[in-house]
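Asks: One structure, pasted below without further comment.
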Amino acid sequence: MNLLLTISTVFSAIALYFVISMARHARRRRPVRATRSLVGGVVSGCAGAASIMLAFSYYGYDRLVGEQLVGTVRFTESAPQDFVARLTIDGETDRTFHLLGNEWQIDARVVIWKPPATLLGLDPIYQLDRISGRYSTIEDERSQARTVYPLSEPVTLDVWQFARKYPKLMPGVDAQYGTATYLPMAQGAIYEVKMTRTGLIARPLNDAAIKAVGEWTQ
C-alpha cells in the first residue's frame, strides 16, 4: 500500500513538472517542446491516476492470504421457499436479507495481479459482491420470484470495474475472475463462508445445515 502511494506521488510530481514545463514553453512560443511536455504530462498523469486507483482499491478490498474466514450465514424459515438470512462478518454490523427459494448463493469479485504489477509483490484482493436466493429446479428459476442484494457499495475508484472496461489501460490487473458458492437453505441452518486461493467455499456448521446438505446431495 505504501509503495503504491509512493509510486502515485512520484508520477503525480512528474506530471506536474511536465505541466509547468508545457506552460513555460507555450509562453516562449516553443510549440514543439510544449507538445512534448503535454504528451509527457498526459502519460505520467495517467500512470499516477492508475497508481492512485490501485492504492485505494487495494485498501478497500480484502487481501487474500491463504484460506480465510469471510463470515457466517444463518437461516430462519418464514414459509416454504421463504427465508431470512443473517450475515455476520467480523468487524461489521450484522445484515439480514429476505431470500426466496431453496438455496442461497454468495458471489465475490477477485483481482489477481500479473506482470508488470506482480513486481509490486501485491497479494490478490477480493470483495463480496452479492447474496441471492435460488431454486433447485430450472423451472422454478424461470418462473418464480428472484431475490438478490448487493454486499458492497459502489465506489468511484474501483480497479475491478475499471480493469474490466479498459483492460488495455490496466495491463497488470486480472479482473476477469468472479467466484460464487451456493448451498441449501433450511430452518436454523448455519454456514461458514471462506475465501481460498481457488474461490469461495461454504461449509455447514451445525446439525441443521449438515442435514440440509445431506438431503440436498441425494
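To be explicit about the labels: the chains of the C-alpha cells are called A, B, and onward in the order shown, and within each one the residues are counted from 1, while ligands get numbers from 1 in the order they are shown.
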I'd like the neighbourhood of His98 of chain A as a PDB file with N, CA, C and O atoms, in the first residue's frame, where a residue qualifies if any of its atoms comes within 10 Å (using only C-alpha atoms), though same-chain residues fewer than 2 positions away should be ignored.
Replies:
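Result file follows (around_38.pdb):
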```pdb
ATOM      1  N   PHE A  75     -29.984 -19.133   8.927  1.00  0.00           N
ATOM      2  CA  PHE A  75     -31.274 -19.013   8.261  1.00  0.00           C
ATOM      3  C   PHE A  75     -32.441 -19.291   9.203  1.00  0.00           C
ATOM      4  O   PHE A  75     -32.381 -20.180  10.044  1.00  0.00           O
ATOM      5  N   THR A  76     -33.504 -18.496   9.003  1.00  0.00           N
ATOM      6  CA  THR A  76     -34.774 -18.708   9.681  1.00  0.00           C
ATOM      7  C   THR A  76     -35.841 -18.833   8.615  1.00  0.00           C
ATOM      8  O   THR A  76     -35.947 -17.968   7.730  1.00  0.00           O
ATOM      9  N   GLU A  77     -36.617 -19.909   8.674  1.00  0.00           N
ATOM     10  CA  GLU A  77     -37.647 -20.137   7.650  1.00  0.00           C
ATOM     11  C   GLU A  77     -38.936 -19.432   8.045  1.00  0.00           C
ATOM     12  O   GLU A  77     -39.477 -19.644   9.132  1.00  0.00           O
ATOM     13  N   SER A  78     -39.451 -18.592   7.135  1.00  0.00           N
ATOM     14  CA  SER A  78     -40.716 -17.895   7.363  1.00  0.00           C
ATOM     15  C   SER A  78     -41.885 -18.651   6.766  1.00  0.00           C
ATOM     16  O   SER A  78     -42.997 -18.622   7.298  1.00  0.00           O
ATOM     17  N   ASP A  82     -39.151 -19.523   1.631  1.00  0.00           N
ATOM     18  CA  ASP A  82     -39.125 -18.128   2.102  1.00  0.00           C
ATOM     19  C   ASP A  82     -38.293 -18.088   3.387  1.00  0.00           C
ATOM     20  O   ASP A  82     -38.701 -18.628   4.414  1.00  0.00           O
ATOM     21  N   PHE A  83     -37.122 -17.429   3.323  1.00  0.00           N
ATOM     22  CA  PHE A  83     -36.182 -17.449   4.441  1.00  0.00           C
ATOM     23  C   PHE A  83     -35.654 -16.045   4.757  1.00  0.00           C
ATOM     24  O   PHE A  83     -35.641 -15.160   3.895  1.00  0.00           O
ATOM     25  N   VAL A  84     -35.219 -15.896   6.004  1.00  0.00           N
ATOM     26  CA  VAL A  84     -34.464 -14.713   6.417  1.00  0.00           C
ATOM     27  C   VAL A  84     -33.034 -15.161   6.679  1.00  0.00           C
ATOM     28  O   VAL A  84     -32.804 -16.078   7.484  1.00  0.00           O
ATOM     29  N   ALA A  85     -32.085 -14.549   5.985  1.00  0.00           N
ATOM     30  CA  ALA A  85     -30.670 -14.883   6.143  1.00  0.00           C
ATOM     31  C   ALA A  85     -29.991 -13.783   6.949  1.00  0.00           C
ATOM     32  O   ALA A  85     -30.158 -12.596   6.653  1.00  0.00           O
ATOM     33  N   ARG A  86     -29.227 -14.178   7.947  1.00  0.00           N
ATOM     34  CA  ARG A  86     -28.472 -13.222   8.764  1.00  0.00           C
ATOM     35  C   ARG A  86     -26.981 -13.419   8.485  1.00  0.00           C
ATOM     36  O   ARG A  86     -26.421 -14.480   8.782  1.00  0.00           O
ATOM     37  N   THR A  96     -29.403  -8.540   7.538  1.00  0.00           N
ATOM     38  CA  THR A  96     -30.414  -9.560   7.269  1.00  0.00           C
ATOM     39  C   THR A  96     -30.982  -9.363   5.869  1.00  0.00           C
ATOM     40  O   THR A  96     -31.116  -8.233   5.388  1.00  0.00           O
ATOM     41  N   LEU A 100     -35.797 -15.783  -1.255  1.00  0.00           N
ATOM     42  CA  LEU A 100     -36.788 -16.736  -1.736  1.00  0.00           C
ATOM     43  C   LEU A 100     -36.089 -17.877  -2.467  1.00  0.00           C
ATOM     44  O   LEU A 100     -35.114 -17.651  -3.183  1.00  0.00           O
ATOM     45  N   SER A 132     -27.920 -13.947  -2.847  1.00  0.00           N
ATOM     46  CA  SER A 132     -29.184 -14.148  -3.554  1.00  0.00           C
ATOM     47  C   SER A 132     -29.802 -15.475  -3.168  1.00  0.00           C
ATOM     48  O   SER A 132     -29.138 -16.385  -2.664  1.00  0.00           O
ATOM     49  N   GLY A 133     -31.105 -15.571  -3.424  1.00  0.00           N
ATOM     50  CA  GLY A 133     -31.810 -16.832  -3.279  1.00  0.00           C
ATOM     51  C   GLY A 133     -31.926 -17.488  -4.637  1.00  0.00           C
ATOM     52  O   GLY A 133     -31.986 -16.810  -5.669  1.00  0.00           O
ATOM     53  N   THR A 147     -34.673 -13.035  -5.609  1.00  0.00           N
ATOM     54  CA  THR A 147     -34.233 -12.048  -4.628  1.00  0.00           C
ATOM     55  C   THR A 147     -32.713 -11.970  -4.659  1.00  0.00           C
ATOM     56  O   THR A 147     -32.028 -12.994  -4.602  1.00  0.00           O
ATOM     57  N   VAL A 148     -32.178 -10.768  -4.752  1.00  0.00           N
ATOM     58  CA  VAL A 148     -30.721 -10.571  -4.791  1.00  0.00           C
ATOM     59  C   VAL A 148     -30.405  -9.218  -4.167  1.00  0.00           C
ATOM     60  O   VAL A 148     -31.141  -8.245  -4.356  1.00  0.00           O
ATOM     61  N   TYR A 149     -29.309  -9.163  -3.393  1.00  0.00           N
ATOM     62  CA  TYR A 149     -28.932  -7.953  -2.672  1.00  0.00           C
ATOM     63  C   TYR A 149     -27.434  -7.695  -2.810  1.00  0.00           C
ATOM     64  O   TYR A 149     -26.631  -8.638  -2.778  1.00  0.00           O
TER      65      TYR A 149
END
```
Asks: Using only C-alpha atoms, which of A:Val173, A:Leu200, A:Ile131, A:Val73 sits nearest Lys114 of chain A?
Replies: A:Val173
Asks: May I ask which of the residues A:Trp216, A:Tyr182, A:Tyr126, A:Tyr135 is the closest one to Arg197 of chain A, counting only C-alpha atoms?
Replies: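 Closest to Arg197 of chain A of all the choices is A:Tyr126.
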Asks: What is the atom CA of Thr137 of chain A-atom CA of Lys211 of chain A distance in Å, reported with one decimal?
Replies: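 One can read the atom CA of Thr137 of chain A to atom CA of Lys211 of chain A distance as 19.7 Å.
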Asks: To one decimal place in Å, what is the distance between atom CA of Glu67 of chain A and atom CA of Val110 of chain A?
Replies: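 Atom-to-atom, atom CA of Glu67 of chain A to atom CA of Val110 of chain A, that is 14.0 Å.
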Asks: Pick out each residue of segment 67-150 of chain A that DSSP on the backbone tags as helix (DSSP H, G or I); I need them as a ChimeraX atom specification.
Replies: /A:117-120,138-143
Asks: Could the residues in this selection be saved with N, CA, C and O atoms as a tab-separated table (two decimals), in the first residue's frame?
Replies:
```tsv
chain	number	residue	atom	x	y	z
A	117	ALA	N	2.48	-5.73	-12.73
A	117	ALA	CA	2.07	-5.42	-11.36
A	117	ALA	C	2.61	-6.42	-10.35
A	117	ALA	O	2.73	-6.09	-9.16
A	118	THR	N	2.95	-7.63	-10.78
A	118	THR	CA	3.49	-8.63	-9.86
A	118	THR	C	4.81	-8.17	-9.25
A	118	THR	O	5.20	-8.66	-8.18
A	119	LEU	N	5.48	-7.25	-9.92
A	119	LEU	CA	6.75	-6.74	-9.38
A	119	LEU	C	6.53	-5.98	-8.07
A	119	LEU	O	7.47	-5.79	-7.30
A	120	LEU	N	5.30	-5.54	-7.81
A	120	LEU	CA	5.00	-4.81	-6.58
A	120	LEU	C	4.82	-5.74	-5.39
A	120	LEU	O	4.74	-5.29	-4.25
A	138	ILE	N	-34.75	-25.85	-12.55
A	138	ILE	CA	-34.69	-24.85	-13.60
A	138	ILE	C	-36.07	-24.22	-13.82
A	138	ILE	O	-36.19	-23.01	-14.07
A	139	GLU	N	-37.13	-25.01	-13.70
A	139	GLU	CA	-38.48	-24.49	-13.91
A	139	GLU	C	-38.80	-23.38	-12.91
A	139	GLU	O	-39.36	-22.33	-13.28
A	140	ASP	N	-38.46	-23.60	-11.63
A	140	ASP	CA	-38.70	-22.56	-10.63
A	140	ASP	C	-37.81	-21.35	-10.87
A	140	ASP	O	-38.23	-20.21	-10.66
A	141	GLU	N	-36.58	-21.57	-11.31
A	141	GLU	CA	-35.68	-20.46	-11.60
A	141	GLU	C	-36.27	-19.55	-12.67
A	141	GLU	O	-36.12	-18.33	-12.62
A	142	ARG	N	-36.95	-20.13	-13.62
A	142	ARG	CA	-37.52	-19.35	-14.72
A	142	ARG	C	-38.83	-18.67	-14.34
A	142	ARG	O	-39.13	-17.60	-14.86
A	143	SER	N	-39.59	-19.30	-13.45
A	143	SER	CA	-40.96	-18.80	-13.21
A	143	SER	C	-41.16	-18.11	-11.86
A	143	SER	O	-42.06	-17.27	-11.73
```
Asks: DSSP on the backbone, then: every residue of segment 74-103 of chain A marked strand (DSSP E or B), written as a ChimeraX atom specification.
Replies: /A:74-79,82-88,95-100,103
Asks: Kindly export the residues of the current selection with C-alpha atoms, as a CSV table (one decimal), in the first residue's frame.
Replies:
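Once written, selection08.csv looks like this:
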```
chain,number,residue,atom,x,y,z
A,74,ARG,CA,-27.7,-18.4,9.5
A,75,PHE,CA,-31.3,-19.0,8.3
A,76,THR,CA,-34.8,-18.7,9.7
A,77,GLU,CA,-37.6,-20.1,7.7
A,78,SER,CA,-40.7,-17.9,7.4
A,79,ALA,CA,-42.7,-20.1,4.9
A,82,ASP,CA,-39.1,-18.1,2.1
A,83,PHE,CA,-36.2,-17.4,4.4
A,84,VAL,CA,-34.5,-14.7,6.4
A,85,ALA,CA,-30.7,-14.9,6.1
A,86,ARG,CA,-28.5,-13.2,8.8
A,87,LEU,CA,-25.0,-12.5,7.5
A,88,THR,CA,-22.3,-12.0,10.1
A,95,ARG,CA,-27.2,-7.7,8.0
A,96,THR,CA,-30.4,-9.6,7.3
A,97,PHE,CA,-31.8,-10.5,3.9
A,98,HIS,CA,-35.2,-11.9,2.7
A,99,LEU,CA,-34.3,-14.7,0.3
A,100,LEU,CA,-36.8,-16.7,-1.7
A,103,GLU,CA,-30.8,-22.4,-1.9
```
Asks: What lies within 9 Å of Leu128 of chain A using only C-alpha atoms, ignoring chain neighbours under 5 positions off, as a list in words?
Replies: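 Near neighbours after the sequence-gap exclusion: Tyr61, Val70, Ile106, Asp107, Ala108, Arg109, Val110, Pro150, Leu151 and Ser152 of chain A.
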Asks: I need the chosen residues saved as a PDB file, in the first residue's frame, with N, CA and C atoms.
Replies:
```
ATOM      1  N   TYR A  61     -10.488  -3.284  -0.757  1.00  0.00           N
ATOM      2  CA  TYR A  61     -10.756  -4.716  -0.858  1.00  0.00           C
ATOM      3  C   TYR A  61     -10.052  -5.445   0.291  1.00  0.00           C
ATOM      4  N   VAL A  70     -14.628 -15.527   5.764  1.00  0.00           N
ATOM      5  CA  VAL A  70     -15.329 -14.330   5.312  1.00  0.00           C
ATOM      6  C   VAL A  70     -16.436 -13.973   6.300  1.00  0.00           C
ATOM      7  N   ILE A 106     -23.744 -16.807  -2.614  1.00  0.00           N
ATOM      8  CA  ILE A 106     -22.971 -15.601  -2.334  1.00  0.00           C
ATOM      9  C   ILE A 106     -21.868 -15.494  -3.395  1.00  0.00           C
ATOM     10  N   ASP A 107     -21.692 -14.290  -3.916  1.00  0.00           N
ATOM     11  CA  ASP A 107     -20.740 -14.041  -5.001  1.00  0.00           C
ATOM     12  C   ASP A 107     -19.678 -13.048  -4.550  1.00  0.00           C
ATOM     13  N   ALA A 108     -18.508 -13.152  -5.139  1.00  0.00           N
ATOM     14  CA  ALA A 108     -17.425 -12.217  -4.846  1.00  0.00           C
ATOM     15  C   ALA A 108     -16.654 -11.925  -6.128  1.00  0.00           C
ATOM     16  N   ARG A 109     -15.981 -10.791  -6.137  1.00  0.00           N
ATOM     17  CA  ARG A 109     -15.093 -10.434  -7.238  1.00  0.00           C
ATOM     18  C   ARG A 109     -13.653 -10.489  -6.733  1.00  0.00           C
ATOM     19  N   VAL A 110     -12.774 -10.959  -7.576  1.00  0.00           N
ATOM     20  CA  VAL A 110     -11.379 -11.157  -7.190  1.00  0.00           C
ATOM     21  C   VAL A 110     -10.474 -10.450  -8.189  1.00  0.00           C
ATOM     22  N   PRO A 150     -27.046  -6.432  -2.954  1.00  0.00           N
ATOM     23  CA  PRO A 150     -25.609  -6.122  -3.025  1.00  0.00           C
ATOM     24  C   PRO A 150     -24.957  -6.247  -1.653  1.00  0.00           C
ATOM     25  N   LEU A 151     -23.697  -6.619  -1.646  1.00  0.00           N
ATOM     26  CA  LEU A 151     -22.940  -6.720  -0.397  1.00  0.00           C
ATOM     27  C   LEU A 151     -21.825  -5.684  -0.308  1.00  0.00           C
ATOM     28  N   SER A 152     -21.682  -4.871  -1.337  1.00  0.00           N
ATOM     29  CA  SER A 152     -20.667  -3.813  -1.316  1.00  0.00           C
ATOM     30  C   SER A 152     -21.237  -2.569  -1.969  1.00  0.00           C
TER      31      SER A 152
END
```
